[in-house]
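**Student:** Next up, start12.tsv (TSV, C-alpha atoms and all ligand atoms).
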```
chain	number	residue	atom	x	y	z
A	1	MET	CA	0.00	0.00	0.00
A	2	LYS	CA	1.17	3.49	-0.80
A	3	ARG	CA	0.29	5.90	1.97
A	4	ILE	CA	-0.45	9.33	0.63
A	5	PHE	CA	0.57	12.57	2.27
A	6	ASN	CA	-2.45	13.63	4.30
A	7	PHE	CA	-2.66	17.30	5.23
A	8	SER	CA	-6.17	17.11	6.61
A	9	ALA	CA	-7.04	19.34	9.58
A	10	GLY	CA	-8.58	16.51	11.56
A	11	PRO	CA	-8.99	13.65	11.85
A	12	CYS	CA	-5.50	13.81	10.47
A	13	THR	CA	-2.51	11.71	9.64
A	14	LEU	CA	-1.20	9.52	12.45
A	15	PRO	CA	2.23	7.95	12.88
A	16	LEU	CA	2.61	4.80	10.79
A	17	PRO	CA	4.38	2.88	13.60
A	18	ALA	CA	1.34	3.49	15.83
A	19	LEU	CA	-1.09	2.37	13.11
A	20	GLU	CA	0.97	-0.76	12.48
A	21	LYS	CA	1.19	-1.61	16.16
A	22	ALA	CA	-2.57	-1.26	16.51
A	23	GLN	CA	-3.04	-3.47	13.47
A	24	ALA	CA	-0.67	-6.14	14.74
A	25	GLU	CA	-2.38	-6.43	18.11
A	26	PHE	CA	-5.93	-5.62	17.03
A	27	VAL	CA	-7.51	-9.08	16.87
A	28	ASP	CA	-5.59	-10.73	19.68
A	29	PHE	CA	-4.50	-8.26	22.34
A	30	LYS	CA	-1.43	-9.50	24.21
A	31	GLY	CA	-2.39	-13.16	23.76
A	32	LYS	CA	-5.75	-12.77	25.51
A	33	GLY	CA	-7.68	-14.30	22.63
A	34	MET	CA	-9.73	-11.17	22.11
A	35	SER	CA	-9.36	-7.63	20.91
A	36	LEU	CA	-8.82	-4.77	23.33
A	37	ILE	CA	-12.12	-3.33	22.12
A	38	GLU	CA	-13.92	-6.51	23.20
A	39	MET	CA	-12.49	-6.48	26.68
A	40	SER	CA	-13.94	-5.15	29.90
A	41	HIS	CA	-12.80	-1.66	30.68
A	42	ARG	CA	-12.37	-3.00	34.23
A	43	SER	CA	-9.85	-5.64	33.10
A	44	LYS	CA	-6.27	-5.32	34.21
A	45	GLU	CA	-5.17	-5.26	30.57
A	46	TYR	CA	-7.29	-2.22	29.79
A	47	ASP	CA	-6.40	-0.57	33.06
A	48	ALA	CA	-2.71	-0.76	32.13
A	49	VAL	CA	-3.43	0.80	28.70
A	50	HIS	CA	-5.52	3.58	30.27
A	51	MET	CA	-3.00	4.45	32.95
A	52	GLU	CA	-0.07	4.34	30.56
A	53	ALA	CA	-1.76	6.80	28.19
A	54	MET	CA	-2.50	9.08	31.15
A	55	ASP	CA	1.07	8.84	32.44
A	56	LEU	CA	2.49	9.58	28.99
A	57	ILE	CA	0.44	12.79	28.81
A	58	LYS	CA	1.71	13.83	32.24
A	59	GLU	CA	5.28	12.97	31.39
A	60	LEU	CA	5.53	14.40	27.88
A	61	PHE	CA	3.40	17.51	28.47
A	62	GLY	CA	5.05	18.21	31.83
A	63	VAL	CA	1.86	18.15	33.88
A	64	PRO	CA	2.83	19.18	37.43
A	65	ALA	CA	1.53	17.66	40.66
A	66	GLY	CA	-1.89	18.97	41.62
A	67	TYR	CA	-3.45	18.38	38.18
A	68	LYS	CA	-5.70	15.59	36.91
A	69	VAL	CA	-5.71	14.22	33.38
A	70	LEU	CA	-9.16	13.15	32.16
A	71	PHE	CA	-10.34	11.20	29.12
A	72	LEU	CA	-13.82	12.31	28.10
A	73	GLY	CA	-16.25	11.68	25.27
A	74	GLY	CA	-18.01	14.37	23.28
A	75	GLY	CA	-14.93	15.87	21.66
A	76	ALA	CA	-13.62	19.33	22.39
A	77	THR	CA	-17.13	20.52	21.57
A	78	LEU	CA	-18.59	19.08	24.77
A	79	GLN	CA	-15.99	21.13	26.66
A	80	PHE	CA	-17.49	24.31	25.22
A	81	GLY	CA	-20.50	23.48	27.42
A	82	MET	CA	-18.89	21.60	30.30
A	83	VAL	CA	-16.47	24.41	31.13
A	84	PRO	CA	-19.19	26.99	31.83
A	85	MET	CA	-21.51	24.40	33.43
A	86	ASN	CA	-18.81	23.68	35.97
A	87	PHE	CA	-17.11	27.03	36.38
A	88	LEU	CA	-19.53	29.79	35.45
A	89	PRO	CA	-21.91	30.17	38.40
A	90	ALA	CA	-25.03	32.29	38.47
A	91	GLY	CA	-24.00	35.83	39.33
A	92	GLY	CA	-20.51	35.29	37.92
A	93	SER	CA	-19.08	36.07	34.50
A	94	ALA	CA	-16.42	34.62	32.24
A	95	ASP	CA	-14.11	36.40	29.80
A	96	TYR	CA	-13.77	35.09	26.25
A	97	VAL	CA	-11.22	36.05	23.62
A	98	VAL	CA	-12.89	35.44	20.28
A	99	THR	CA	-10.09	34.68	17.86
A	100	GLY	CA	-11.93	32.65	15.22
A	101	SER	CA	-14.53	29.97	14.55
A	102	TRP	CA	-13.63	27.73	17.47
A	103	ALA	CA	-13.39	30.46	20.09
A	104	LYS	CA	-16.73	31.76	18.82
A	105	LYS	CA	-18.38	28.38	19.34
A	106	ALA	CA	-16.94	28.15	22.85
A	107	TYR	CA	-18.25	31.63	23.62
A	108	GLU	CA	-21.70	30.92	22.20
A	109	ASP	CA	-22.14	27.83	24.36
A	110	ALA	CA	-20.96	29.69	27.46
A	111	ALA	CA	-23.45	32.48	26.76
A	112	LYS	CA	-26.24	29.88	26.93
A	113	ILE	CA	-25.13	28.87	30.41
A	114	GLY	CA	-24.31	32.20	32.02
A	115	LYS	CA	-22.78	35.62	31.58
A	116	ALA	CA	-19.97	35.46	29.04
A	117	ASN	CA	-18.11	38.62	28.04
A	118	VAL	CA	-16.16	39.01	24.82
A	119	ILE	CA	-13.10	40.97	25.94
A	120	TRP	CA	-11.50	40.90	22.51
A	121	SER	CA	-12.79	39.90	19.09
A	122	GLY	CA	-10.87	39.53	15.85
A	123	LYS	CA	-14.05	39.82	13.81
A	124	GLU	CA	-13.36	43.24	12.30
A	125	GLY	CA	-10.00	42.07	11.03
A	126	ASN	CA	-11.51	38.83	9.68
A	127	PHE	CA	-9.82	36.90	12.49
A	128	MET	CA	-6.39	37.36	10.94
A	129	ASN	CA	-4.74	38.73	14.06
A	130	LEU	CA	-4.54	38.24	17.81
A	131	PRO	CA	-4.39	40.79	20.61
A	132	ASP	CA	-1.16	41.67	22.36
A	133	PRO	CA	-1.51	39.47	25.48
A	134	ALA	CA	-0.52	42.37	27.74
A	135	SER	CA	-3.26	44.62	26.33
A	136	LEU	CA	-6.18	42.36	27.25
A	137	LYS	CA	-8.61	43.89	29.74
A	138	ILE	CA	-9.31	40.88	31.88
A	139	ASP	CA	-11.97	41.38	34.54
A	140	PRO	CA	-10.17	40.56	37.81
A	141	SER	CA	-13.41	39.15	39.19
A	142	ALA	CA	-14.11	36.89	36.19
A	143	SER	CA	-14.74	33.23	36.99
A	144	TYR	CA	-12.26	32.36	34.26
A	145	LEU	CA	-10.61	33.54	31.06
A	146	HIS	CA	-11.11	31.36	27.98
A	147	LEU	CA	-8.63	31.21	25.09
A	148	THR	CA	-8.14	29.10	21.97
A	149	SER	CA	-4.42	28.48	21.51
A	150	ASN	CA	-4.62	27.73	17.80
A	151	GLU	CA	-7.47	28.51	15.42
A	152	THR	CA	-7.57	25.49	13.16
A	153	ILE	CA	-9.63	27.19	10.45
A	154	GLY	CA	-8.20	30.71	10.43
A	155	GLY	CA	-4.59	29.72	11.07
A	156	VAL	CA	-3.75	32.06	13.97
A	157	GLN	CA	-1.84	30.81	17.01
A	158	TRP	CA	-0.96	32.42	20.31
A	159	LYS	CA	2.82	32.52	20.69
A	160	ARG	CA	2.69	33.84	24.26
A	161	PHE	CA	-0.27	33.61	26.59
A	162	PRO	CA	-1.65	36.42	28.74
A	163	ASP	CA	-0.97	36.65	32.45
A	164	PRO	CA	-4.48	36.71	33.93
A	165	GLY	CA	-3.33	37.22	37.52
A	166	LYS	CA	-5.65	35.31	39.83
A	167	VAL	CA	-8.27	34.63	37.16
A	168	PRO	CA	-8.21	30.93	36.18
A	169	MET	CA	-7.02	30.57	32.58
A	170	ILE	CA	-8.77	27.93	30.48
A	171	CYS	CA	-7.57	27.02	27.01
A	172	ASP	CA	-8.83	24.98	24.09
A	173	MET	CA	-5.59	23.50	22.75
A	174	SER	CA	-7.24	21.02	20.39
A	175	SER	CA	-5.13	21.76	17.36
A	176	ASP	CA	-1.70	22.39	18.85
A	177	PHE	CA	-1.78	20.09	21.86
A	178	MET	CA	1.54	18.22	22.24
A	179	SER	CA	3.17	20.22	19.44
A	180	ARG	CA	4.82	22.79	21.72
A	181	ARG	CA	6.01	23.13	25.26
A	182	VAL	CA	3.46	24.86	27.45
A	183	LYS	CA	3.74	25.94	31.07
A	184	VAL	CA	0.82	23.87	32.30
A	185	GLY	CA	1.05	25.50	35.74
A	186	ASP	CA	-0.20	28.78	34.21
A	187	PHE	CA	-3.53	27.16	33.30
A	188	ALA	CA	-6.48	26.09	35.42
A	189	LEU	CA	-7.76	23.80	32.68
A	190	ILE	CA	-6.58	22.73	29.24
A	191	TYR	CA	-8.67	20.67	26.85
A	192	ALA	CA	-8.09	19.12	23.47
A	193	GLY	CA	-9.88	16.75	21.12
A	194	ALA	CA	-7.39	13.97	20.35
A	195	GLN	CA	-7.86	13.86	16.60
A	196	LYS	CA	-5.58	16.77	15.68
A	197	ASN	CA	-2.27	15.68	17.12
A	198	VAL	CA	-2.51	12.73	19.46
A	199	GLY	CA	-4.89	10.09	18.17
A	200	PRO	CA	-8.21	9.25	16.57
A	201	ALA	CA	-11.51	10.98	17.24
A	202	GLY	CA	-13.57	9.81	20.18
A	203	VAL	CA	-11.67	11.12	23.17
A	204	ALA	CA	-10.99	14.58	24.51
A	205	ILE	CA	-8.16	15.15	26.93
A	206	VAL	CA	-8.75	17.49	29.83
A	207	ILE	CA	-6.01	18.62	32.20
A	208	VAL	CA	-7.53	20.28	35.23
A	209	ARG	CA	-6.01	21.86	38.33
A	210	GLU	CA	-7.38	20.09	41.37
A	211	ASP	CA	-8.50	23.22	43.21
A	212	MET	CA	-10.95	23.89	40.37
A	213	LEU	CA	-12.80	20.66	41.15
A	214	ALA	CA	-14.19	22.07	44.38
A	215	LYS	CA	-16.18	24.52	42.24
A	216	CYS	CA	-18.04	21.88	40.21
A	217	PRO	CA	-21.72	22.01	41.21
A	218	ASP	CA	-23.21	18.80	42.63
A	219	SER	CA	-26.43	19.59	40.76
A	220	LEU	CA	-24.87	18.62	37.43
A	221	PRO	CA	-25.62	15.26	35.83
A	222	ALA	CA	-22.77	12.92	36.69
A	223	TYR	CA	-21.12	12.82	33.27
A	224	LEU	CA	-21.06	16.60	32.92
A	225	ASN	CA	-19.26	17.14	36.22
A	226	PHE	CA	-15.46	17.16	35.99
A	227	LYS	CA	-15.27	15.88	39.55
A	228	THR	CA	-16.97	12.61	38.59
A	229	HIS	CA	-14.17	11.84	36.16
A	230	ALA	CA	-11.36	13.17	38.32
A	231	ASP	CA	-12.48	11.00	41.25
A	232	SER	CA	-12.52	7.85	39.15
A	233	ASP	CA	-9.51	8.35	36.86
A	234	SER	CA	-11.94	8.64	33.94
A	235	LEU	CA	-13.34	5.17	34.60
A	236	TYR	CA	-16.71	6.29	35.98
A	237	ASN	CA	-18.36	4.89	32.88
A	238	THR	CA	-17.01	3.07	29.84
A	239	PRO	CA	-14.30	5.26	28.38
A	240	PRO	CA	-13.66	5.34	24.61
A	241	VAL	CA	-11.24	2.44	24.98
A	242	PHE	CA	-9.90	2.29	21.44
A	243	SER	CA	-9.24	6.03	21.29
A	244	VAL	CA	-7.46	6.03	24.64
A	245	TYR	CA	-5.37	3.06	23.53
A	246	PHE	CA	-4.40	4.81	20.31
A	247	VAL	CA	-3.50	8.01	22.15
A	248	GLY	CA	-1.09	5.83	24.13
A	249	LEU	CA	0.43	4.41	20.94
A	250	THR	CA	0.81	7.88	19.42
A	251	LEU	CA	2.48	9.20	22.54
A	252	GLN	CA	4.83	6.22	22.73
A	253	TRP	CA	5.89	7.17	19.22
A	254	LEU	CA	6.27	10.82	20.22
A	255	LYS	CA	8.38	9.87	23.20
A	256	GLY	CA	10.55	7.74	20.92
A	257	ILE	CA	11.31	10.64	18.59
A	258	GLY	CA	12.23	12.96	21.45
A	259	GLY	CA	9.00	14.18	23.05
A	260	LEU	CA	7.80	17.77	23.00
A	261	GLU	CA	11.22	19.23	22.35
A	262	ALA	CA	11.38	17.29	19.09
A	263	ALA	CA	7.74	18.06	18.31
A	264	GLU	CA	8.41	21.77	18.71
A	265	ARG	CA	11.54	21.67	16.58
A	266	LEU	CA	9.78	19.73	13.83
A	267	ALA	CA	6.81	22.11	13.90
A	268	ASP	CA	9.22	25.04	13.46
A	269	GLN	CA	10.83	23.31	10.51
A	270	ARG	CA	7.60	22.33	8.81
A	271	ALA	CA	6.09	25.79	9.17
A	272	GLY	CA	9.38	27.41	8.15
A	273	PHE	CA	9.43	25.44	4.89
A	274	ILE	CA	5.85	26.30	3.92
A	275	TYR	CA	5.90	29.99	4.91
A	276	GLY	CA	9.33	30.20	3.26
A	277	ALA	CA	7.92	28.81	0.01
A	278	MET	CA	5.18	31.45	0.12
A	279	GLU	CA	7.70	34.21	0.61
A	280	LYS	CA	9.84	33.01	-2.29
A	281	SER	CA	6.84	32.85	-4.63
A	282	GLY	CA	6.92	36.57	-5.41
A	283	GLY	CA	3.35	37.12	-4.25
A	284	PHE	CA	1.81	34.09	-5.95
A	285	TYR	CA	0.98	32.58	-2.57
A	286	ARG	CA	-0.35	35.06	-0.01
A	287	CYS	CA	-0.84	34.33	3.65
A	288	PRO	CA	-3.66	36.53	4.99
A	289	VAL	CA	-2.62	36.04	8.63
A	290	ALA	CA	-0.57	38.69	10.45
A	291	GLU	CA	3.00	37.44	10.52
A	292	PRO	CA	3.66	37.29	14.28
A	293	VAL	CA	0.65	35.03	14.90
A	294	ARG	CA	0.86	32.64	11.97
A	295	SER	CA	0.05	29.10	13.02
A	296	LYS	CA	2.66	26.39	12.89
A	297	MET	CA	-0.06	23.74	12.68
A	298	ASN	CA	-2.60	25.06	10.14
A	299	ILE	CA	-0.91	27.11	7.47
A	300	VAL	CA	-3.37	28.97	5.29
A	301	PHE	CA	-2.79	30.80	2.04
A	302	ARG	CA	-4.47	32.12	-1.07
A	303	LEU	CA	-3.58	31.92	-4.75
A	304	PRO	CA	-4.29	34.65	-7.31
A	305	SER	CA	-7.75	33.20	-8.10
A	306	GLU	CA	-10.23	30.62	-6.87
A	307	GLU	CA	-9.79	28.77	-10.19
A	308	LEU	CA	-6.10	28.39	-9.49
A	309	GLU	CA	-6.85	27.22	-5.97
A	310	LYS	CA	-9.11	24.47	-7.33
A	311	GLN	CA	-6.46	23.47	-9.82
A	312	PHE	CA	-3.80	23.49	-7.09
A	313	ILE	CA	-5.86	21.10	-4.95
A	314	ALA	CA	-6.59	18.78	-7.89
A	315	GLU	CA	-2.98	18.64	-9.06
A	316	ALA	CA	-1.75	18.10	-5.51
A	317	LEU	CA	-4.06	15.11	-5.21
A	318	GLU	CA	-2.59	13.67	-8.42
A	319	ARG	CA	0.74	13.88	-6.64
A	320	SER	CA	-0.63	12.01	-3.62
A	321	MET	CA	-1.15	15.04	-1.41
A	322	SER	CA	-4.63	15.24	0.08
A	323	GLY	CA	-6.55	17.44	2.50
A	324	LEU	CA	-5.23	20.79	1.24
A	325	LYS	CA	-8.56	22.48	0.73
A	326	GLY	CA	-9.20	25.33	3.13
A	327	HIS	CA	-12.24	25.15	5.39
A	328	ARG	CA	-15.46	25.81	3.48
A	329	SER	CA	-16.12	28.93	5.55
A	330	VAL	CA	-12.92	30.68	4.42
A	331	GLY	CA	-11.80	28.97	1.20
A	332	GLY	CA	-8.21	29.00	-0.01
A	333	ILE	CA	-5.58	26.43	0.86
A	334	ARG	CA	-4.75	25.02	4.27
A	335	VAL	CA	-1.73	22.86	4.97
A	336	SER	CA	-2.31	21.15	8.30
A	337	ALA	CA	1.09	20.07	9.49
A	338	TYR	CA	0.75	18.13	12.72
A	339	ASN	CA	3.22	16.00	14.65
A	340	ALA	CA	2.82	13.00	12.36
A	341	ASN	CA	3.24	14.98	9.12
A	342	GLY	CA	6.83	14.06	8.27
A	343	LEU	CA	9.31	16.52	6.78
A	344	ASP	CA	9.28	14.40	3.62
A	345	SER	CA	5.62	15.31	3.10
A	346	ILE	CA	6.39	18.99	3.65
A	347	LYS	CA	9.32	18.93	1.24
A	348	ASP	CA	7.10	17.34	-1.41
A	349	CYS	CA	4.48	19.98	-0.80
A	350	VAL	CA	7.04	22.78	-1.09
A	351	ALA	CA	8.44	21.34	-4.33
A	352	PHE	CA	4.91	21.19	-5.70
A	353	MET	CA	4.16	24.77	-4.61
A	354	LYS	CA	7.27	25.91	-6.44
A	355	SER	CA	6.51	24.11	-9.70
A	356	PHE	CA	2.84	25.09	-9.62
A	357	ALA	CA	3.71	28.76	-9.14
A	358	SER	CA	6.21	28.77	-11.96
A	359	GLN	CA	3.75	27.08	-14.34
A	360	ASN	CA	0.85	29.35	-13.49
A	361	SER	CA	2.19	32.82	-12.84
A	401	LIG	C1	-11.45	20.52	15.99
A	401	LIG	C2	-11.53	21.54	17.04
A	401	LIG	C3	-12.58	21.57	17.97
A	401	LIG	C4	-13.73	20.58	17.92
A	401	LIG	O1	-13.30	19.33	18.25
A	401	LIG	P1	-14.31	18.09	18.27
A	401	LIG	O2	-13.46	17.03	18.93
A	401	LIG	O3	-14.68	17.79	16.87
A	401	LIG	O4	-15.47	18.45	19.10
A	401	LIG	C5	-12.56	22.52	18.94
A	401	LIG	N1	-11.57	23.44	19.01
A	401	LIG	C6	-10.56	23.44	18.13
A	401	LIG	C7	-9.48	24.48	18.25
A	401	LIG	C8	-10.50	22.50	17.12
A	401	LIG	O5	-9.50	22.50	16.24
```
For this file, produce the structure as structure tokens.

**Tutor:**
Amino acid sequence: MKRIFNFSAGPCTLPLPALEKAQAEFVDFKGKGMSLIEMSHRSKEYDAVHMEAMDLIKELFGVPAGYKVLFLGGGATLQFGMVPMNFLPAGGSADYVVTGSWAKKAYEDAAKIGKANVIWSGKEGNFMNLPDPASLKIDPSASYLHLTSNETIGGVQWKRFPDPGKVPMICDMSSDFMSRRVKVGDFALIYAGAQKNVGPAGVAIVIVREDMLAKCPDSLPAYLNFKTHADSDSLYNTPPVFSVYFVGLTLQWLKGIGGLEAAERLADQRAGFIYGAMEKSGGFYRCPVAEPVRSKMNIVFRLPSEELEKQFIAEALERSMSGLKGHRSVGGIRVSAYNANGLDSIKDCVAFMKSFASQNS
């Protein structure tokens, strides 16, 4: 089989060694005569898988003592609702920085639960910029501040995070989780859907500071309360066992290539190649995003016309590069370059960008 270069925004390409390991042990897990996905989630085999995946997140992401790692269903999208249900009490308010489509969705769900304030919006500038972190007017009495570290559709990424003082900082890191080193201790809660950098769809990872758990209201249905999951190591109900298992395999691979330090270096290189190719194209490829906040994960650009963009996507596919179409809401081209997108795929993409520009400009 020839694997093609997959630049999809998510679900996205995953490391081949992890896929192959899952394949090899899929039908008969560790000689038990059944697949992991047929096994009780209370079995000692699954327990070991579950705890190893959790430990790898703590180890590789540098999660300090005093935090819990949770595996939840419902994707990052459920967190848009769970965060305010747990942490936005009646009479309180939460501050939202609306940097693009995902932050907007998080804000809209919060506004259904309680008082959510937009303290900065990128709407007027078409979400092509981010605020200077120091300039944000964070309400010191806010229940929390909510950020989106990387806008997967618009292609903007925070390079430095604000200092919210005593206000708990909550961040949706779905599309750059495990691609960069982050000071976890600065955050009260971090969440990420797995399918952008660390595994298949079906599990969201939540990293929550333990003092936050005291705020979760007992009136919530069990599943929607973070405390339920924290108290049971995410084994309150049946967890998405296959997704958790595959997160473990992906993180074993990441550890093997050098962990977050390597991930960060590779992300710099991948993004450097693509943005570099744009720069050298003499204006043929234009990145609409303000330079200091250009994403290293989702690299967006335009060509001189929509016709050329269509042709670019079609010709790329002929060369075994898929997933380059920008999100339908913004158009253009998007190169999603996650941890498992090898430099070989990026070099191929850059070579194609070069030849396409010279043939069509
Ligand atoms: C993909 C994505 C989401 C939604 O994730 P689901 O797991 O599909 O719910 C939320 N936020 C960001 C930044 C994303 O990239």

**Student:** Would you mind listing the residues within 7 Å of ligand LIG 401 (chain A), counting only C-alpha atoms and all ligand atoms, as a PDB file with C-alpha atoms, in the frame of the given file?

**Tutor:**
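Full text of part_25.pdb as output:
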```
ATOM      1  CA  GLY A  10      -8.580  16.510  11.560  1.00  0.00           C
ATOM      2  CA  GLY A  74     -18.010  14.370  23.280  1.00  0.00           C
ATOM      3  CA  GLY A  75     -14.930  15.870  21.660  1.00  0.00           C
ATOM      4  CA  ALA A  76     -13.620  19.330  22.390  1.00  0.00           C
ATOM      5  CA  THR A  77     -17.130  20.520  21.570  1.00  0.00           C
ATOM      6  CA  LEU A  78     -18.590  19.080  24.770  1.00  0.00           C
ATOM      7  CA  TRP A 102     -13.630  27.730  17.470  1.00  0.00           C
ATOM      8  CA  THR A 148      -8.140  29.100  21.970  1.00  0.00           C
ATOM      9  CA  ASN A 150      -4.620  27.730  17.800  1.00  0.00           C
ATOM     10  CA  GLU A 151      -7.470  28.510  15.420  1.00  0.00           C
ATOM     11  CA  THR A 152      -7.570  25.490  13.160  1.00  0.00           C
ATOM     12  CA  ASP A 172      -8.830  24.980  24.090  1.00  0.00           C
ATOM     13  CA  MET A 173      -5.590  23.500  22.750  1.00  0.00           C
ATOM     14  CA  SER A 174      -7.240  21.020  20.390  1.00  0.00           C
ATOM     15  CA  SER A 175      -5.130  21.760  17.360  1.00  0.00           C
ATOM     16  CA  GLY A 193      -9.880  16.750  21.120  1.00  0.00           C
ATOM     17  CA  ALA A 194      -7.390  13.970  20.350  1.00  0.00           C
ATOM     18  CA  GLN A 195      -7.860  13.860  16.600  1.00  0.00           C
ATOM     19  CA  LYS A 196      -5.580  16.770  15.680  1.00  0.00           C
ATOM     20  CA  ALA A 201     -11.510  10.980  17.240  1.00  0.00           C
ATOM     21  CA  ALA A 204     -10.990  14.580  24.510  1.00  0.00           C
TER      22      ALA A 204
END
```

**Student:** Please provide the set of residues having any atom within 8 Å of region 225-237 of chain A, restricted to all atoms listed in the file, with same-chain residues fewer than 4 positions apart removed, written as a ChimeraX atom specification.

**Tutor:** /A:41,68-72,82,86,213-214,216-218,220-221

**Student:** Within 10 Å of (5.4, 29.8, 1.5) (coordinates as in the file), grab all the protein and nucleic acid residues, counting all atoms listed in the file, and write them out as a PyMOL selection string.

**Tutor:** chain A and resi 271-287+299-301+350+353-354

**Student:** Now that the selection is made, can you save its residues with C-alpha atoms as a PDB file, keeping the file's coordinate frame?

**Tutor:**
```
ATOM      1  CA  ALA A 271       6.090  25.790   9.170  1.00  0.00           C
ATOM      2  CA  GLY A 272       9.380  27.410   8.150  1.00  0.00           C
ATOM      3  CA  PHE A 273       9.430  25.440   4.890  1.00  0.00           C
ATOM      4  CA  ILE A 274       5.850  26.300   3.920  1.00  0.00           C
ATOM      5  CA  TYR A 275       5.900  29.990   4.910  1.00  0.00           C
ATOM      6  CA  GLY A 276       9.330  30.200   3.260  1.00  0.00           C
ATOM      7  CA  ALA A 277       7.920  28.810   0.010  1.00  0.00           C
ATOM      8  CA  MET A 278       5.180  31.450   0.120  1.00  0.00           C
ATOM      9  CA  GLU A 279       7.700  34.210   0.610  1.00  0.00           C
ATOM     10  CA  LYS A 280       9.840  33.010  -2.290  1.00  0.00           C
ATOM     11  CA  SER A 281       6.840  32.850  -4.630  1.00  0.00           C
ATOM     12  CA  GLY A 282       6.920  36.570  -5.410  1.00  0.00           C
ATOM     13  CA  GLY A 283       3.350  37.120  -4.250  1.00  0.00           C
ATOM     14  CA  PHE A 284       1.810  34.090  -5.950  1.00  0.00           C
ATOM     15  CA  TYR A 285       0.980  32.580  -2.570  1.00  0.00           C
ATOM     16  CA  ARG A 286      -0.350  35.060  -0.010  1.00  0.00           C
ATOM     17  CA  CYS A 287      -0.840  34.330   3.650  1.00  0.00           C
ATOM     18  CA  ILE A 299      -0.910  27.110   7.470  1.00  0.00           C
ATOM     19  CA  VAL A 300      -3.370  28.970   5.290  1.00  0.00           C
ATOM     20  CA  PHE A 301      -2.790  30.800   2.040  1.00  0.00           C
ATOM     21  CA  VAL A 350       7.040  22.780  -1.090  1.00  0.00           C
ATOM     22  CA  MET A 353       4.160  24.770  -4.610  1.00  0.00           C
ATOM     23  CA  LYS A 354       7.270  25.910  -6.440  1.00  0.00           C
TER      24      LYS A 354
END
```

**Student:** Let me make sure I understand: among A:Gly155, A:Cys349, A:Glu318, A:Trp253, which one has the smallest atom-to-atom distance to Gly332 (chain A) if we use all atoms listed in the file?

**Tutor:**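 Closest candidate: A:Gly155.
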
**Student:** Please report the interatomic distance between CA of Tyr338 (chain A) and CA of Leu260 (chain A) in Å with one decimal.

**Tutor:** 12.5 Å

**Student:** Measuring between only C-alpha atoms, which one of A:Leu147, A:Ile207, A:Leu308, A:Met169 shows the shortest distance to Lys105 (chain A)?

**Tutor:**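 Closest residue, counting only C-alpha atoms: A:Leu147.
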
**Student:** Please, what distance in Å, to one decimal, runs between CA of Ser149 (chain A) and CA of Phe161 (chain A)?

**Tutor:** 8.3 Å

**Student:** Report, in Å with one decimal, the straight-line distance from CA of Met178 (chain A) to CA of Arg209 (chain A).

**Tutor:**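 Rounded to one decimal, the two atoms are 18.1 Å apart.
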
**Student:** Find the residue from A:Lys30, A:Pro200, A:Thr99, A:Phe5 that sits nearest to Ser322 (chain A); use only C-alpha atoms when measuring.

**Tutor:**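 Closest to Ser322 (chain A) of all the choices is A:Phe5.
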
**Student:** A:Ser361, A:Ser305, A:Asn298, A:Asn129: which is nearest Phe7 (chain A), counting only C-alpha atoms?

**Tutor:**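 Distance minimum relative to Phe7 (chain A) lands on A:Asn298.
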
**Student:** Contacts between region 16-24 of chain A and region 222-330 of chain A, please, where a residue of region 222-330 of chain A counts if it comes within 12 Å (with all atoms listed in the file); show its shortest atom pair and distance in Å to one decimal, rows by chain and ascending number, as JSON lines.

**Tutor:**
```
{"residue": "A:Phe242", "atom": "CA", "partner": "A:Ala22", "partner_atom": "CA", "distance": 9.5}
{"residue": "A:Ser243", "atom": "CA", "partner": "A:Ala22", "partner_atom": "CA", "distance": 11.0}
{"residue": "A:Val244", "atom": "CA", "partner": "A:Ala22", "partner_atom": "CA", "distance": 12.0}
{"residue": "A:Tyr245", "atom": "CA", "partner": "A:Ala22", "partner_atom": "CA", "distance": 8.7}
{"residue": "A:Phe246", "atom": "CA", "partner": "A:Ala22", "partner_atom": "CA", "distance": 7.4}
{"residue": "A:Val247", "atom": "CA", "partner": "A:Ala18", "partner_atom": "CA", "distance": 9.2}
{"residue": "A:Gly248", "atom": "CA", "partner": "A:Ala18", "partner_atom": "CA", "distance": 9.0}
{"residue": "A:Leu249", "atom": "CA", "partner": "A:Ala18", "partner_atom": "CA", "distance": 5.3}
{"residue": "A:Thr250", "atom": "CA", "partner": "A:Ala18", "partner_atom": "CA", "distance": 5.7}
{"residue": "A:Leu251", "atom": "CA", "partner": "A:Ala18", "partner_atom": "CA", "distance": 8.9}
{"residue": "A:Gln252", "atom": "CA", "partner": "A:Ala18", "partner_atom": "CA", "distance": 8.2}
{"residue": "A:Trp253", "atom": "CA", "partner": "A:Ala18", "partner_atom": "CA", "distance": 6.8}
{"residue": "A:Leu254", "atom": "CA", "partner": "A:Ala18", "partner_atom": "CA", "distance": 9.9}
{"residue": "A:Gly256", "atom": "CA", "partner": "A:Pro17", "partner_atom": "CA", "distance": 10.7}
{"residue": "A:Ile257", "atom": "CA", "partner": "A:Pro17", "partner_atom": "CA", "distance": 11.5}
```

**Student:** Out of A:Gly154, A:Pro164, A:Gly342, A:Gly259, which residue has the shortest atom-to-atom distance to Val293 (chain A) when counting only C-alpha atoms?

**Tutor:**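 Of the candidates, the smallest distance to Val293 (chain A) is held by A:Gly154.
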
**Student:** Compare A:Ser295, A:Gln269, A:Ser143, A:Ser101 by their minimum atom-to-atom distance to Ile170 (chain A), counting all atoms listed in the file, and give me the closest one.

**Tutor:** A:Ser143

**Student:** If we count only C-alpha atoms, what is near region 65-67 of chain A at a cut-off of 10 Å, once residues fewer than 2 positions away on the same chain are taken out, given as a list of chain:residue names?

**Tutor:**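 Those residues are A:Lys58, A:Gly62, A:Val63, A:Val69, A:Leu70, A:Val184, A:Gly185, A:Ala188, A:Leu189, A:Val206, A:Ile207, A:Val208, A:Arg209, A:Glu210, A:Asp211, A:Met212, A:Ala230.
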